[in-house]
$ cat coords-v1.cif   # mmCIF, C-alpha atoms
data_start
loop_
_atom_site.label_atom_id
_atom_site.label_comp_id
_atom_site.auth_asym_id
_atom_site.auth_seq_id
_atom_site.Cartn_x
_atom_site.Cartn_y
_atom_site.Cartn_z
CA MET A 1 0.00 0.00 0.00
CA ILE A 2 1.32 3.44 -0.94
CA ARG A 3 1.58 5.64 2.13
CA ARG A 4 1.04 9.03 0.59
CA ASN A 5 1.39 11.05 3.79
CA ARG A 6 5.03 10.02 3.94
CA LEU A 7 5.65 12.10 0.84
CA ILE A 8 5.40 15.23 2.96
CA GLY A 9 8.92 14.73 4.20
CA VAL A 10 10.53 13.57 0.98
CA ILE A 11 9.69 16.46 -1.34
CA LEU A 12 11.72 19.57 -0.66
CA ILE A 13 10.69 22.66 -2.57
CA VAL A 14 13.15 25.50 -2.94
CA ALA A 15 12.55 28.72 -4.84
CA VAL A 16 15.62 29.25 -7.00
CA ALA A 17 14.58 32.27 -9.03
CA THR A 18 11.49 34.31 -9.75
CA ALA A 19 11.65 37.30 -12.03
CA LEU A 20 8.44 39.28 -12.24
CA THR A 21 7.85 42.49 -14.09
CA ALA A 22 4.63 44.43 -14.50
CA GLY A 23 4.90 44.05 -18.26
CA ALA A 24 5.46 40.29 -18.13
CA ARG A 25 2.50 39.78 -15.82
CA ALA A 26 0.25 41.86 -18.05
CA GLU A 27 1.32 40.05 -21.24
CA LEU A 28 1.16 36.46 -20.04
CA GLN A 29 -2.01 35.95 -18.05
CA VAL A 30 -5.07 33.81 -18.64
CA ASP A 31 -8.39 35.08 -17.25
CA ILE A 32 -10.21 31.84 -16.45
CA THR A 33 -13.40 33.65 -15.39
CA ARG A 34 -14.16 34.55 -19.01
CA GLY A 35 -16.23 32.41 -21.35
CA HIS A 36 -14.76 30.32 -24.13
CA LEU A 37 -11.20 31.40 -24.84
CA GLN A 38 -8.30 30.23 -26.97
CA PRO A 39 -5.80 28.04 -25.08
CA LEU A 40 -2.40 29.62 -24.46
CA PRO A 41 0.32 28.13 -26.71
CA ILE A 42 3.03 26.78 -24.41
CA ALA A 43 6.26 24.96 -25.24
CA ILE A 44 7.21 22.27 -22.71
CA THR A 45 10.58 20.68 -23.46
CA ASP A 46 11.92 17.39 -22.15
CA PHE A 47 13.84 18.08 -18.96
CA HIS A 48 17.59 17.87 -19.53
CA GLY A 49 19.52 14.93 -18.12
CA GLU A 50 23.07 13.69 -18.60
CA GLY A 51 22.49 9.95 -18.38
CA PRO A 52 19.82 7.56 -19.68
CA ARG A 53 17.97 7.42 -16.34
CA GLU A 54 17.85 11.19 -16.04
CA GLN A 55 16.77 11.58 -19.67
CA GLU A 56 13.94 9.06 -19.22
CA ALA A 57 12.73 10.82 -16.08
CA GLY A 58 12.98 14.17 -17.89
CA ARG A 59 10.77 12.93 -20.72
CA ASP A 60 8.26 11.42 -18.32
CA ILE A 61 7.93 14.53 -16.15
CA ALA A 62 7.56 16.85 -19.14
CA SER A 63 4.89 14.57 -20.60
CA VAL A 64 2.80 14.60 -17.40
CA VAL A 65 3.14 18.39 -17.01
CA ALA A 66 1.98 18.89 -20.62
CA ALA A 67 -0.94 16.49 -20.20
CA ASP A 68 -2.11 18.19 -16.99
CA LEU A 69 -2.06 21.64 -18.53
CA GLU A 70 -3.68 20.50 -21.78
CA ARG A 71 -6.59 18.85 -19.93
CA SER A 72 -7.35 22.12 -18.17
CA GLY A 73 -8.39 23.53 -21.54
CA LEU A 74 -6.39 26.71 -20.86
CA PHE A 75 -3.10 25.64 -22.43
CA LYS A 76 -2.13 24.20 -25.79
CA PRO A 77 1.23 22.38 -25.63
CA ILE A 78 3.16 22.81 -28.87
CA ASP A 79 4.35 19.71 -30.74
CA LYS A 80 7.97 19.08 -29.70
CA ARG A 81 8.88 18.27 -33.29
CA ALA A 82 8.49 21.98 -34.07
CA PHE A 83 11.12 23.12 -31.53
CA LEU A 84 14.17 24.87 -33.00
CA GLN A 85 16.37 25.03 -29.89
CA ASP A 86 17.69 21.80 -28.40
CA VAL A 87 17.38 20.91 -24.73
CA SER A 88 21.11 21.20 -23.97
CA SER A 89 21.59 24.76 -25.21
CA LEU A 90 18.34 25.77 -23.52
CA GLN A 91 20.03 25.14 -20.17
CA VAL A 92 22.24 28.18 -20.82
CA GLN A 93 19.61 30.64 -22.08
CA PRO A 94 16.49 30.45 -24.25
CA ARG A 95 16.78 31.81 -27.77
CA PHE A 96 13.51 33.65 -27.57
CA ASN A 97 13.32 34.35 -31.30
CA ASP A 98 13.32 30.59 -31.95
CA TRP A 99 10.37 30.15 -29.61
CA ARG A 100 8.43 33.06 -31.07
CA VAL A 101 8.78 31.43 -34.49
CA VAL A 102 6.84 28.38 -33.27
CA ASN A 103 4.21 30.67 -31.73
CA ALA A 104 5.06 29.84 -28.10
CA GLN A 105 3.88 32.47 -25.64
CA ALA A 106 5.24 30.56 -22.65
CA LEU A 107 8.19 28.20 -22.37
CA VAL A 108 8.95 25.53 -19.75
CA ASN A 109 12.30 23.80 -19.45
CA GLY A 110 14.05 21.88 -16.71
CA ALA A 111 16.82 19.57 -15.63
CA ILE A 112 17.10 16.24 -13.80
CA THR A 113 20.11 15.09 -11.78
CA VAL A 114 20.51 12.03 -9.58
CA GLN A 115 21.91 12.92 -6.15
CA PRO A 116 24.55 10.80 -4.34
CA ASP A 117 21.81 9.44 -2.05
CA GLY A 118 19.79 8.28 -5.07
CA ARG A 119 17.17 11.00 -4.87
CA LEU A 120 16.22 13.09 -7.89
CA LYS A 121 16.83 16.82 -8.06
CA VAL A 122 14.27 18.31 -10.42
CA GLU A 123 14.50 21.93 -11.58
CA PHE A 124 12.15 23.82 -13.86
CA ARG A 125 11.80 27.34 -15.22
CA LEU A 126 8.83 29.14 -16.72
CA TRP A 127 9.57 31.87 -19.27
CA ASP A 128 7.52 34.64 -20.85
CA VAL A 129 8.68 34.37 -24.46
CA PHE A 130 7.62 37.82 -25.65
CA ALA A 131 8.81 39.70 -22.55
CA GLU A 132 11.98 37.51 -22.51
CA THR A 133 11.79 37.15 -18.73
CA GLN A 134 11.74 34.25 -16.31
CA MET A 135 8.41 34.09 -14.53
CA ALA A 136 9.16 31.30 -12.07
CA GLY A 137 11.85 28.80 -11.15
CA LEU A 138 11.63 26.00 -8.60
CA GLN A 139 13.74 23.07 -7.47
CA TYR A 140 12.55 19.80 -5.94
CA ARG A 141 14.34 16.88 -4.29
CA THR A 142 12.47 13.62 -3.93
CA GLN A 143 12.68 9.85 -4.09
CA ARG A 144 12.73 8.55 -7.65
CA GLU A 145 9.35 6.81 -7.36
CA ASN A 146 7.69 10.16 -6.62
CA TRP A 147 8.55 11.69 -10.01
CA ARG A 148 4.91 11.74 -11.12
CA ARG A 149 3.82 13.73 -8.10
CA VAL A 150 6.60 16.23 -8.75
CA ALA A 151 5.25 16.64 -12.29
CA HIS A 152 1.78 17.44 -10.92
CA ILE A 153 3.26 19.98 -8.48
CA ILE A 154 5.15 21.66 -11.34
CA ALA A 155 1.93 21.82 -13.40
CA ASP A 156 0.16 23.39 -10.41
CA ALA A 157 2.91 26.02 -10.11
CA ILE A 158 2.66 26.92 -13.81
CA TYR A 159 -1.14 27.05 -13.68
CA LYS A 160 -1.08 29.33 -10.66
CA ARG A 161 1.58 31.66 -12.04
CA ILE A 162 -0.24 32.23 -15.32
CA THR A 163 -3.88 32.17 -14.18
CA GLY A 164 -3.53 33.57 -10.67
CA GLU A 165 -5.62 30.64 -9.36
CA GLU A 166 -4.51 27.60 -7.38
CA GLY A 167 -3.89 24.47 -9.43
CA TYR A 168 -5.65 21.14 -8.91
CA PHE A 169 -3.32 18.55 -10.45
CA ASP A 170 -1.68 17.19 -7.27
CA THR A 171 -4.94 15.58 -6.17
CA ARG A 172 -6.68 12.22 -6.11
CA ILE A 173 -10.10 10.89 -7.05
CA VAL A 174 -12.05 8.26 -5.15
CA TYR A 175 -14.98 6.72 -6.99
CA VAL A 176 -17.19 3.64 -7.33
CA ALA A 177 -15.73 1.16 -9.82
CA GLU A 178 -18.47 -0.90 -11.47
CA SER A 179 -18.21 -4.25 -13.23
CA GLY A 180 -20.49 -7.08 -14.31
CA PRO A 181 -23.88 -7.06 -16.06
CA ALA A 182 -26.33 -4.25 -15.40
CA SER A 183 -28.62 -6.49 -13.33
CA ARG A 184 -25.78 -7.70 -11.06
CA ARG A 185 -23.28 -4.86 -10.85
CA ILE A 186 -20.31 -5.26 -8.52
CA LYS A 187 -19.39 -1.91 -6.98
CA ARG A 188 -16.02 -1.33 -5.32
CA LEU A 189 -14.27 1.71 -3.95
CA ALA A 190 -11.31 2.73 -6.09
CA ILE A 191 -8.77 5.52 -5.88
CA MET A 192 -6.44 7.13 -8.42
CA ASP A 193 -4.54 10.30 -9.18
CA GLN A 194 -6.63 12.94 -10.95
CA ASP A 195 -5.08 11.89 -14.29
CA GLY A 196 -5.97 8.21 -13.78
CA ALA A 197 -2.50 7.03 -12.73
CA ASN A 198 -1.73 4.96 -9.60
CA HIS A 199 -5.12 3.28 -9.74
CA ARG A 200 -6.04 0.74 -7.07
CA PHE A 201 -9.12 -0.78 -5.46
CA LEU A 202 -9.91 -0.16 -1.80
CA THR A 203 -12.71 -2.70 -1.27
CA ASP A 204 -13.24 -6.19 -2.65
CA GLY A 205 -16.78 -5.85 -4.00
CA ARG A 206 -18.48 -8.23 -1.56
CA ALA A 207 -20.55 -5.31 -0.21
CA LEU A 208 -22.20 -2.67 -2.36
CA VAL A 209 -20.67 0.81 -1.88
CA LEU A 210 -21.96 4.26 -2.85
CA THR A 211 -21.19 7.97 -2.45
CA PRO A 212 -17.56 8.04 -1.21
CA ARG A 213 -16.34 11.42 0.08
CA PHE A 214 -12.86 12.61 1.09
CA SER A 215 -11.91 14.19 4.38
CA ARG A 216 -10.09 17.52 4.42
CA THR A 217 -6.72 15.76 4.79
CA ALA A 218 -7.49 13.34 1.92
CA GLN A 219 -6.50 10.45 4.21
CA GLU A 220 -10.01 9.29 5.16
CA ILE A 221 -13.12 8.47 3.17
CA THR A 222 -16.72 8.30 4.33
CA TYR A 223 -19.15 6.28 2.23
CA LEU A 224 -22.36 4.24 2.22
CA SER A 225 -22.08 0.45 2.26
CA TYR A 226 -24.74 -2.27 2.18
CA PHE A 227 -22.87 -4.77 4.33
CA ASN A 228 -25.14 -7.75 5.11
CA ASN A 229 -27.85 -5.86 3.20
CA THR A 230 -27.92 -3.17 5.89
CA PRO A 231 -27.14 0.38 4.66
CA ARG A 232 -24.68 2.12 6.93
CA VAL A 233 -22.24 5.02 6.73
CA TYR A 234 -18.61 3.93 7.12
CA LEU A 235 -15.23 5.55 7.61
CA PHE A 236 -12.22 4.21 5.72
CA ASN A 237 -8.58 5.10 6.45
CA ILE A 238 -6.67 5.05 3.16
CA GLU A 239 -3.27 4.44 4.75
CA THR A 240 -4.21 1.65 7.13
CA GLY A 241 -7.22 0.17 5.32
CA ARG A 242 -9.20 0.25 8.56
CA GLN A 243 -12.98 0.51 8.20
CA GLU A 244 -15.55 1.29 10.86
CA VAL A 245 -19.28 1.87 10.89
CA LEU A 246 -20.29 5.38 11.89
CA GLY A 247 -22.83 5.33 14.70
CA SER A 248 -25.34 2.76 15.92
CA PHE A 249 -28.50 4.08 14.28
CA GLN A 250 -31.51 1.75 14.18
CA GLY A 251 -32.57 2.81 10.67
CA MET A 252 -30.73 3.58 7.44
CA THR A 253 -27.89 6.13 7.24
CA PHE A 254 -26.71 7.45 3.87
CA ALA A 255 -25.40 10.46 1.86
CA PRO A 256 -22.39 11.19 4.14
CA ARG A 257 -20.07 14.16 3.75
CA PHE A 258 -17.28 15.53 5.95
CA ALA A 259 -17.44 18.91 7.64
CA PRO A 260 -14.74 21.36 6.41
CA ASN A 261 -12.60 20.83 9.52
CA GLY A 262 -12.81 17.05 9.19
CA ASN A 263 -14.10 16.61 12.76
CA ALA A 264 -17.70 15.79 11.88
CA VAL A 265 -19.75 14.03 9.24
CA LEU A 266 -23.10 15.15 7.85
CA MET A 267 -25.49 12.41 6.80
CA SER A 268 -29.11 11.50 6.29
CA TYR A 269 -30.89 9.14 8.66
CA ALA A 270 -34.09 7.39 7.59
CA GLU A 271 -36.45 5.67 10.00
CA ASN A 272 -40.10 4.74 9.55
CA GLY A 273 -40.16 6.25 6.07
CA ASN A 274 -38.86 9.66 7.15
CA SER A 275 -35.41 11.04 6.36
CA ASP A 276 -33.72 13.90 8.22
CA ILE A 277 -30.24 15.38 8.38
CA TYR A 278 -27.87 14.61 11.24
CA THR A 279 -24.31 15.50 12.11
CA MET A 280 -21.92 13.28 14.07
CA ASP A 281 -18.87 14.51 15.95
CA LEU A 282 -16.04 12.12 15.08
CA ARG A 283 -14.22 12.81 18.33
CA THR A 284 -17.12 12.09 20.72
CA ARG A 285 -19.27 9.98 18.33
CA LYS A 286 -22.27 12.01 19.47
CA SER A 287 -24.94 12.74 16.86
CA LYS A 288 -27.25 15.73 16.54
CA ARG A 289 -30.43 16.08 14.53
CA LEU A 290 -30.45 19.18 12.32
CA SER A 291 -33.71 18.90 10.38
CA SER A 292 -37.13 17.73 11.47
CA HIS A 293 -39.73 17.47 8.75
CA PRO A 294 -42.09 14.73 7.48
CA ALA A 295 -40.59 15.11 3.99
CA ILE A 296 -37.33 13.55 2.74
CA ASP A 297 -34.27 15.71 3.59
CA THR A 298 -30.99 14.39 2.19
CA SER A 299 -27.65 15.07 0.43
CA PRO A 300 -26.36 17.71 2.88
CA SER A 301 -23.19 19.72 2.17
CA PHE A 302 -21.46 22.31 4.34
CA SER A 303 -20.36 25.72 3.10
CA PRO A 304 -16.55 26.16 3.33
CA ASP A 305 -16.89 28.28 6.48
CA ALA A 306 -19.20 25.63 8.02
CA LYS A 307 -21.86 28.25 8.77
CA ARG A 308 -24.48 27.00 6.28
CA ILE A 309 -25.70 23.67 4.92
CA VAL A 310 -27.31 23.05 1.54
CA PHE A 311 -29.50 19.96 1.01
CA ASN A 312 -32.32 18.70 -1.16
CA SER A 313 -35.86 18.05 0.06
CA ASP A 314 -39.34 17.39 -1.30
CA ARG A 315 -40.98 19.32 1.54
CA GLY A 316 -42.41 21.79 -0.99
CA GLY A 317 -44.02 19.06 -3.11
CA SER A 318 -41.11 18.46 -5.50
CA GLN A 319 -37.40 17.81 -5.07
CA GLN A 320 -35.69 21.19 -4.59
CA LEU A 321 -32.60 22.71 -2.95
CA TYR A 322 -32.72 24.31 0.49
CA ALA A 323 -30.15 26.01 2.70
CA MET A 324 -30.09 26.36 6.47
CA ASN A 325 -27.79 27.47 9.25
CA ALA A 326 -25.36 24.88 10.60
CA ASP A 327 -27.58 24.40 13.66
CA GLY A 328 -30.63 23.64 11.49
CA SER A 329 -32.31 27.02 11.82
CA ASN A 330 -33.40 29.49 9.12
CA VAL A 331 -34.33 26.98 6.40
CA GLN A 332 -34.81 28.66 3.00
CA ARG A 333 -35.60 27.26 -0.44
CA ILE A 334 -33.03 28.40 -3.01
CA SER A 335 -33.98 26.58 -6.26
CA PHE A 336 -36.96 27.83 -8.24
CA GLY A 337 -36.26 26.69 -11.80
CA GLN A 338 -38.17 24.08 -13.73
CA GLY A 339 -37.45 20.46 -12.90
CA ARG A 340 -36.14 18.57 -9.88
CA TYR A 341 -32.84 19.36 -8.13
CA ALA A 342 -30.54 16.98 -6.24
CA THR A 343 -27.00 16.24 -4.97
CA PRO A 344 -26.00 19.83 -4.10
CA VAL A 345 -22.38 20.46 -3.14
CA TRP A 346 -20.87 23.75 -2.04
CA SER A 347 -17.84 25.06 -3.93
CA PRO A 348 -14.55 25.22 -1.98
CA ARG A 349 -14.54 28.94 -2.82
CA GLY A 350 -17.98 29.42 -1.29
CA ASP A 351 -19.29 31.31 -4.31
CA LEU A 352 -21.35 28.59 -6.02
CA ILE A 353 -23.36 25.44 -5.37
CA ALA A 354 -23.21 22.62 -7.93
CA PHE A 355 -26.21 20.36 -8.43
CA THR A 356 -27.91 17.73 -10.55
CA LYS A 357 -31.11 18.74 -12.31
CA GLN A 358 -33.73 16.55 -13.99
CA PHE A 359 -36.07 18.20 -16.48
CA GLY A 360 -37.82 17.13 -19.68
CA GLY A 361 -36.50 13.58 -19.50
CA ARG A 362 -32.87 14.75 -19.40
CA PHE A 363 -30.28 15.26 -16.68
CA PHE A 364 -28.07 18.32 -16.24
CA ILE A 365 -25.07 19.37 -14.16
CA GLY A 366 -25.31 23.02 -13.17
CA VAL A 367 -24.27 25.69 -10.70
CA MET A 368 -26.04 28.52 -8.90
CA ARG A 369 -25.11 31.14 -6.33
CA PRO A 370 -25.81 30.29 -2.66
CA ASP A 371 -28.97 32.42 -2.76
CA GLY A 372 -30.24 30.49 -5.81
CA SER A 373 -29.58 33.22 -8.37
CA GLY A 374 -27.45 32.91 -11.51
CA GLU A 375 -28.33 29.31 -12.38
CA ARG A 376 -26.17 27.97 -15.25
CA LEU A 377 -26.31 24.49 -16.79
CA LEU A 378 -22.91 23.14 -17.83
CA SER A 379 -23.63 19.64 -19.14
CA GLU A 380 -26.59 17.59 -20.36
CA SER A 381 -27.17 13.92 -21.22
CA PHE A 382 -29.47 10.92 -20.82
CA LEU A 383 -28.39 10.50 -17.17
CA GLU A 384 -25.68 12.32 -15.25
CA GLU A 385 -25.29 13.26 -11.61
CA GLY A 386 -22.99 13.41 -8.59
CA PRO A 387 -20.94 16.62 -9.14
CA THR A 388 -17.75 17.08 -7.13
CA TRP A 389 -15.48 20.13 -7.10
CA ALA A 390 -11.77 20.42 -7.84
CA PRO A 391 -10.11 22.10 -4.85
CA ASN A 392 -9.75 25.42 -6.70
CA GLY A 393 -13.51 25.62 -7.37
CA ARG A 394 -13.07 26.03 -11.14
CA VAL A 395 -13.68 22.47 -12.42
CA LEU A 396 -16.38 19.88 -11.72
CA MET A 397 -16.27 16.11 -12.08
CA PHE A 398 -19.42 13.99 -12.35
CA PHE A 399 -20.57 10.70 -13.84
CA ARG A 400 -22.62 10.09 -16.93
CA GLN A 401 -24.52 6.86 -17.58
CA GLU A 402 -25.48 5.52 -20.99
CA PRO A 403 -28.88 3.89 -21.64
CA THR A 404 -29.17 0.11 -21.78
CA ASP A 405 -29.84 -1.57 -25.13
CA LYS A 406 -32.85 -3.71 -26.01
CA ASP A 407 -31.12 -6.82 -24.67
CA GLY A 408 -30.36 -5.23 -21.31
CA GLY A 409 -26.71 -4.65 -22.09
CA GLY A 410 -24.74 -1.42 -21.86
CA GLY A 411 -25.81 1.15 -19.34
CA GLY A 412 -22.27 1.73 -18.15
CA ALA A 413 -21.21 4.90 -16.33
CA SER A 414 -18.13 7.03 -16.98
CA LEU A 415 -16.51 10.00 -15.27
CA TYR A 416 -16.33 13.44 -16.90
CA THR A 417 -14.94 16.85 -16.05
CA VAL A 418 -16.22 20.26 -17.14
CA ASP A 419 -15.05 23.74 -16.26
CA LEU A 420 -17.30 26.60 -15.21
CA THR A 421 -17.51 27.91 -18.77
CA GLY A 422 -19.14 24.63 -19.83
CA HIS A 423 -16.82 24.44 -22.85
CA ASN A 424 -14.12 22.02 -21.68
CA LEU A 425 -16.00 18.73 -21.28
CA ARG A 426 -13.63 15.74 -21.06
CA ARG A 427 -13.97 12.06 -20.26
CA VAL A 428 -11.79 10.69 -17.43
CA VAL A 429 -10.20 7.37 -18.33
CA THR A 430 -10.81 4.53 -15.84
CA PRO A 431 -10.20 0.76 -16.17
CA GLY A 432 -13.94 0.04 -16.22
CA PHE A 433 -17.29 1.65 -15.52
CA ALA A 434 -17.13 4.43 -12.94
CA SER A 435 -19.61 6.49 -10.89
CA ASP A 436 -19.92 8.65 -7.75
CA PRO A 437 -16.57 10.49 -7.95
CA ALA A 438 -15.14 12.61 -5.15
CA TRP A 439 -12.22 15.01 -5.65
CA SER A 440 -9.65 15.39 -2.88
CA SER A 441 -8.06 18.59 -1.69
CA LEU A 442 -4.45 19.23 -2.71
CA ILE A 443 -2.36 16.43 -1.20
CA PRO A 444 -0.49 17.67 1.92
#
$ encode --input "coords-v1.cif" --output "structure tokens"
Amino acid sequence: MIRRNRLIGVILIVAVATALTAGARAELQVDITRGHLQPLPIAITDFHGEGPREQEAGRDIASVVAADLERSGLFKPIDKRAFLQDVSSLQVQPRFNDWRVVNAQALVNGAITVQPDGRLKVEFRLWDVFAETQMAGLQYRTQRENWRRVAHIIADAIYKRITGEEGYFDTRIVYVAESGPASRRIKRLAIMDQDGANHRFLTDGRALVLTPRFSRTAQEITYLSYFNNTPRVYLFNIETGRQEVLGSFQGMTFAPRFAPNGNAVLMSYAENGNSDIYTMDLRTRKSKRLSSHPAIDTSPSFSPDAKRIVFNSDRGGSQQLYAMNADGSNVQRISFGQGRYATPVWSPRGDLIAFTKQFGGRFFIGVMRPDGSGERLLSESFLEEGPTWAPNGRVLMFFRQEPTDKDGGGGGASLYTVDLTGHNLRRVVTPGFASDPAWSSLIP
């Protein structure tokens, strides 16, 4: 088992040079709050290395950095076959005219060296080609097996420097991996890096699992499991593999989600046909009822400051979104559009709430402001639901399910991402069918 928290001590980040000028910042900046825009042409060279091992690592790191940035939809990596300057001479100084010829607005180069203790030293520099200035330069030292994580951290640094927003590449996804025929689906918890690498299963499929959610530290997961045909909310420690049921409720518990500080879990509790929202303190294991209504209240999600909770309920006659104070007071309906609303989740930035909407026989993924205004639909298909936010609050992941065929086949689910403009819709590659994704925070 990979113990990811041990990486904290093995990656050393040192700023080696940062040259910023007002002109360079003004010329090379991507405003990601705008609508559809042209991706920024960026040249990402293989990182220089003296020996075969260093050269291989340099190619691998550059490839992951380019793939991360390209998937964001904000950058267009230039084909390396068009480059006029070789990697070796680039270590001395870029020939900016050569890079302008290939239409590069930004340039990334780097170097790999193996240290006496076997660790890798990875350096990279980001250049503004037209201003002919270095925008950023960082150096990392890490164990060789952590090269992929270093690549994600470099991509995050480039993304932040050019957009002004935090990156989201050094993150993981937990989801429900599905296999088998539609009538007898096996559902297991699985985890992977946000680009699909380092994939592994966390459960064996003997018990049905649904709705996994990360803790703030990305080291624990809460989820719903039907162990012995009894639905219960569980906690799962990724490092140790330890699982435990959360609480000793007599009825059904479901739809869990961590509080922002990680010390409590929100969930729904159903008994005698009624479903209300509860919170449980993970330190004392004491639960508290937050809603009390004869209707179905479910899918709660805290605001980032933990002062408000959004949830969906049919208390008004149809399934709609409501918000209330963290103590259950001041309940207000916030969705008033046509159709039914479900699975709300508050953005990490606090500015938007994502949701699933069903209307006219179709499903949509959309966002609205916390007061219900400014509703925008970002994606539409036969069936899609379960939005989850990237930690920078600019990208959503969800799952989309295809219809079954006349013989009962098909019907598989896949993961997708879309940004807030609605223009950068991309499928996330997984080994098999996939549903119920949850996006971690940046890995500590």
$ atom_distance --input "coords-v1.cif" --atom1 "atom CA of A:Leu224" --atom2 "atom CA of A:Asp351"
28.0 Å
$ residues_around --input "coords-v1.cif" --residues "A:Glu165" --least-positions-apart "3" --cutoff "10 Å" --atoms "all atoms listed in the file" --output "number ranges by chain"
A: 30-32, 156-157, 159-162, 168, 392-394
$ write_last_selection --input "coords-v1.cif" --atoms "C-alpha atoms" --output "PDB file, in the frame of the given file"
ATOM      1  CA  VAL A  30      -5.070  33.810 -18.640  1.00  0.00           C
ATOM      2  CA  ASP A  31      -8.390  35.080 -17.250  1.00  0.00           C
ATOM      3  CA  ILE A  32     -10.210  31.840 -16.450  1.00  0.00           C
ATOM      4  CA  ASP A 156       0.160  23.390 -10.410  1.00  0.00           C
ATOM      5  CA  ALA A 157       2.910  26.020 -10.110  1.00  0.00           C
ATOM      6  CA  TYR A 159      -1.140  27.050 -13.680  1.00  0.00           C
ATOM      7  CA  LYS A 160      -1.080  29.330 -10.660  1.00  0.00           C
ATOM      8  CA  ARG A 161       1.580  31.660 -12.040  1.00  0.00           C
ATOM      9  CA  ILE A 162      -0.240  32.230 -15.320  1.00  0.00           C
ATOM     10  CA  TYR A 168      -5.650  21.140  -8.910  1.00  0.00           C
ATOM     11  CA  ASN A 392      -9.750  25.420  -6.700  1.00  0.00           C
ATOM     12  CA  GLY A 393     -13.510  25.620  -7.370  1.00  0.00           C
ATOM     13  CA  ARG A 394     -13.070  26.030 -11.140  1.00  0.00           C
TER      14      ARG A 394
END
$ resolve_selection --input "coords-v1.cif" --expression "the PyMOL selection byres ((chain A and resi 442) around 6)" --output "PDB file with C-alpha atoms, in the frame of the given file"
ATOM      1  CA  ASP A 170      -1.680  17.190  -7.270  1.00  0.00           C
ATOM      2  CA  THR A 171      -4.940  15.580  -6.170  1.00  0.00           C
ATOM      3  CA  SER A 441      -8.060  18.590  -1.690  1.00  0.00           C
ATOM      4  CA  ILE A 443      -2.360  16.430  -1.200  1.00  0.00           C
TER       5      ILE A 443
END
$ resolve_selection --input "coords-v1.cif" --expression "the PyMOL selection byres ((chain A and resi 319) around 9)" --output "PyMOL selection string"
chain A and resi 296+312-318+320-321+339-342
$ closest_residue --input "coords-v1.cif" --among "A:Gly73, A:Gly328, A:Gly180, A:Gly273" --to "A:Ala295" --atoms "all atoms listed in the file"
A:Gly273
$ resolve_selection --input "coords-v1.cif" --expression "the PyMOL selection byres ((chain A and resi 327) around 9)" --output "list in words"
Arg289, Leu290, Ser291, Lys307, Arg308, Ile309, Met324, Asn325, Ala326, Gly328, Ser329 and Asn330 of chain A
$ closest_residue --input "coords-v1.cif" --among "A:Val233, A:Ala43, A:Ile238, A:Ala104" --to "A:Met280" --atoms "all atoms listed in the file"
A:Val233
$ residues_around --input "coords-v1.cif" --residues "A:Met368" --least-positions-apart "2" --cutoff "9 Å" --atoms "only C-alpha atoms" --output "list of chain:residue names"
A:Ser335, A:Asp351, A:Leu352, A:Ile353, A:Ala354, A:Phe355, A:Gly366, A:Pro370, A:Asp371, A:Gly372, A:Ser373, A:Gly374, A:Glu375, A:Arg376, A:Leu377
$ residues_around --input "coords-v1.cif" --residues "stretch 88-97 of chain A" --least-positions-apart "6" --cutoff "7 Å" --atoms "only C-alpha atoms" --output "list in words"
His48, Val129 and Glu132 of chain A
$ write_last_selection --input "coords-v1.cif" --atoms "C-alpha atoms" --output "short mmCIF file (atom, residue, chain, number, x, y, z; two decimals), in the frame of the given file"
data_model
loop_
_atom_site.label_atom_id
_atom_site.label_comp_id
_atom_site.auth_asym_id
_atom_site.auth_seq_id
_atom_site.Cartn_x
_atom_site.Cartn_y
_atom_site.Cartn_z
CA HIS A 48 17.59 17.87 -19.53
CA VAL A 129 8.68 34.37 -24.46
CA GLU A 132 11.98 37.51 -22.51
#
$ atom_distance --input "coords-v1.cif" --atom1 "atom CA of A:Gly51" --atom2 "atom CA of A:Ser63"
18.3 Å
$ atom_distance --input "coords-v1.cif" --atom1 "atom CA of A:Asp193" --atom2 "atom CA of A:Ser179"
20.4 Å
$ residues_around --input "coords-v1.cif" --residues "A:Pro41" --least-positions-apart "2" --cutoff "12 Å" --atoms "only C-alpha atoms" --output "list of chain:residue names"
A:Leu28, A:Gln29, A:Val30, A:Gln38, A:Pro39, A:Ala43, A:Ile44, A:Ala66, A:Leu69, A:Glu70, A:Gly73, A:Leu74, A:Phe75, A:Lys76, A:Pro77, A:Ile78, A:Asp79, A:Trp99, A:Arg100, A:Val101, A:Val102, A:Asn103, A:Ala104, A:Gln105, A:Ala106, A:Leu107, A:Val108, A:Asp128, A:Val129
$ closest_residue --input "coords-v1.cif" --among "A:Met252, A:Ile61, A:Val174, A:Leu282" --to "A:Thr211" --atoms "only C-alpha atoms"
A:Val174
$ closest_residue --input "coords-v1.cif" --among "A:Leu378, A:Ile277, A:Met135, A:Val345" --to "A:Trp439" --atoms "only C-alpha atoms"
A:Val345
$ residues_near_point --input "coords-v1.cif" --point "(14.8, 11.1, -18.7)" --cutoff "12 Å" --atoms "all atoms listed in the file" --output "JSON, numbers by chain"
{"A": [45, 46, 47, 48, 49, 50, 51, 52, 53, 54, 55, 56, 57, 58, 59, 60, 61, 62, 63, 87, 110, 111, 112, 113, 114, 120, 122, 144, 147]}
$ closest_residue --input "coords-v1.cif" --among "A:Pro300, A:Ser440, A:Ile173, A:Pro181" --to "A:Tyr416" --atoms "all atoms listed in the file"
A:Ile173
